[in-house]
Amino acid sequence: MTFILLIAAAFGAGLMNSVAGGGTFLTFPALVFAGVPSVMANATSTVAVFPGALASAWAYRKDFPRLEGLRTRTILLVSLAGGICGALLLIFTPEHTFNALVPWLLLAATLLFAGGKRLTPWLRSRLHIGPAALCGLQFLIALYGGYFGGAMGIMMLALFGLFGLTDINAMNALKTLLAGLLNAVAVVCFVAAGQVAWTPALVMLVSAVAGGYAGAHIARKMNPDHVRAVIIMIGLVMTALFFARA
């Protein structure tokens, strides 16, 4: 029964990520409810959805934008550094501390996901940042991504909008590239620290890839707003459950 839960959660996460994002709302809680300690569950969730992030980055490879006044290599290195710091911070966070943080992290991620569609244009109309601010804020987002990662993509899109990017394909391309790289270094850190539950990770990895493949084919027939509404409801339910467990 536990494996069925993990397989279903990973498949759903892969499908969600291919359409609107938010897969963490399924994979992380499923691992915790399956009995995996929360820090290890978070690391294992990252490993499980990691191939999907790489596949998305590859799919967008022709849309990567040039950043005015900033070398792409610089933003890549900043993201790698943030991802490493976030992963190490998670590894050295005591289990009881992370358990106390989880409901708040889920709540913040859910609210960001829910408001992200309106947040980006609102911020873009009021603020504009330069290369230095872009790098500093991207480091913080990457640090959060290595530590937990829920709604990280929404944060990146908002940041790129503040920098002046307007082409959504270019923004998604940059987001998926940076997310894939920072998740890659986070995965290396988690594996080296022995924080990955390999049996559920491998099962979920295969299922998440299948879900992502299915999602890519049915995405054109799905209303993204309806999918987002379902994901927000899942996020709210999971947040409530984790507050009840705290």
# chains A, B, ... in the order shown; residues from 1 in each chain; ligands from 1

$ closest_atom_pairs --of "region 78-143 of chain A" --to "region 225-231 of chain A" --cutoff "12 Å" --atoms "only C-alpha atoms" --output "tab-separated table"
residue	atom	partner	partner_atom	distance
A:Ala109	CA	A:Ile231	CA	11.2
A:Thr110	CA	A:Ile231	CA	8.5
A:Leu111	CA	A:Ile231	CA	11.2
A:Leu112	CA	A:Arg228	CA	11.9
A:Phe113	CA	A:Arg228	CA	8.3
A:Ala114	CA	A:Arg228	CA	7.7
A:Gly115	CA	A:Arg228	CA	10.7
A:Gly116	CA	A:Arg228	CA	10.7
A:Lys117	CA	A:Asp225	CA	10.0

$ residues_around --residues "region 157-163 of chain A" --least-positions-apart "2" --cutoff "12 Å" --atoms "only C-alpha atoms" --output "PyMOL selection string"
chain A and resi 65-70+75+112-113+115-142+151-155+165-176+178-179

$ closest_atom_pairs --of "region 126-230 of chain A" --to "region 79-96 of chain A" --cutoff "8 Å" --atoms "only C-alpha atoms" --output "CSV"
residue,atom,partner,partner_atom,distance
A:Gln138,CA,A:Ser79,CA,6.5
A:Phe139,CA,A:Gly82,CA,4.8
A:Leu140,CA,A:Gly82,CA,6.5
A:Ile141,CA,A:Gly82,CA,7.5
A:Ala142,CA,A:Gly82,CA,4.6
A:Leu143,CA,A:Gly86,CA,4.1
A:Tyr144,CA,A:Gly86,CA,5.9
A:Gly145,CA,A:Gly83,CA,6.4
A:Gly146,CA,A:Gly86,CA,4.2
A:Tyr147,CA,A:Gly86,CA,4.3
A:Phe148,CA,A:Leu90,CA,8.0
A:Leu178,CA,A:Ser79,CA,6.3
A:Leu181,CA,A:Leu80,CA,6.5
A:Leu182,CA,A:Gly83,CA,4.6
A:Asn183,CA,A:Gly83,CA,6.7
A:Val185,CA,A:Ile84,CA,6.0
A:Ala186,CA,A:Ala87,CA,5.2
A:Cys189,CA,A:Ala87,CA,6.4
A:Phe190,CA,A:Ala87,CA,7.0
A:Ala193,CA,A:Ile91,CA,7.4
A:Gln195,CA,A:Ile91,CA,7.6

$ residues_around --residues "Ala10 (chain A)" --least-positions-apart "3" --cutoff "8 Å" --atoms "only C-alpha atoms" --output "ChimeraX atom specification"
/A:6-7,13-14,23,26-27,48-49,204-205,207-208,211

$ residues_around --residues "Gly22 (chain A)" --least-positions-apart "2" --cutoff "7 Å" --atoms "only C-alpha atoms" --output "PyMOL selection string"
chain A and resi 16-17+20+24-25+150-151+231

$ select_by_dssp --residues "region 89-160 of chain A" --states "helix (DSSP H, G or I)" --output "ChimeraX atom specification"
/A:89-91,95-124,131-147,152-160

$ closest_residue --among "A:Val188, A:Ala30, A:Leu106, A:Ala244" --to "Phe11 (chain A)" --atoms "only C-alpha atoms"
A:Ala30

$ residues_around --residues "Gly52 (chain A)" --least-positions-apart "4" --cutoff "7 Å" --atoms "only C-alpha atoms" --output "JSON, numbers by chain"
{"A": [56, 209, 212]}

$ closest_residue --among "A:Val191, A:Leu5, A:Val196, A:Arg71" --to "Pro37 (chain A)" --atoms "only C-alpha atoms"
A:Val196

$ residues_around --residues "Phe3 (chain A)" --least-positions-apart "4" --cutoff "10 Å" --atoms "only C-alpha atoms" --output "ChimeraX atom specification"
/A:7-9,30-31,34,199-200,203-204

$ residues_around --residues "Phe28 (chain A)" --least-positions-apart "6" --cutoff "9 Å" --atoms "only C-alpha atoms" --output "list in words"
Ala9, Ser38, Ala41, Asn42, Ala43, Thr44, Ser45 and Thr46 of chain A

$ write_last_selection --atoms "C-alpha atoms" --output "CSV table (one decimal), in the first residue's frame"
chain,number,residue,atom,x,y,z
A,9,ALA,CA,2.3,10.7,-5.7
A,38,SER,CA,11.3,14.6,7.2
A,41,ALA,CA,12.1,12.8,2.8
A,42,ASN,CA,12.9,16.2,1.5
A,43,ALA,CA,16.2,15.1,0.1
A,44,THR,CA,14.6,12.0,-1.4
A,45,SER,CA,11.9,14.1,-3.0
A,46,THR,CA,14.5,16.2,-4.7
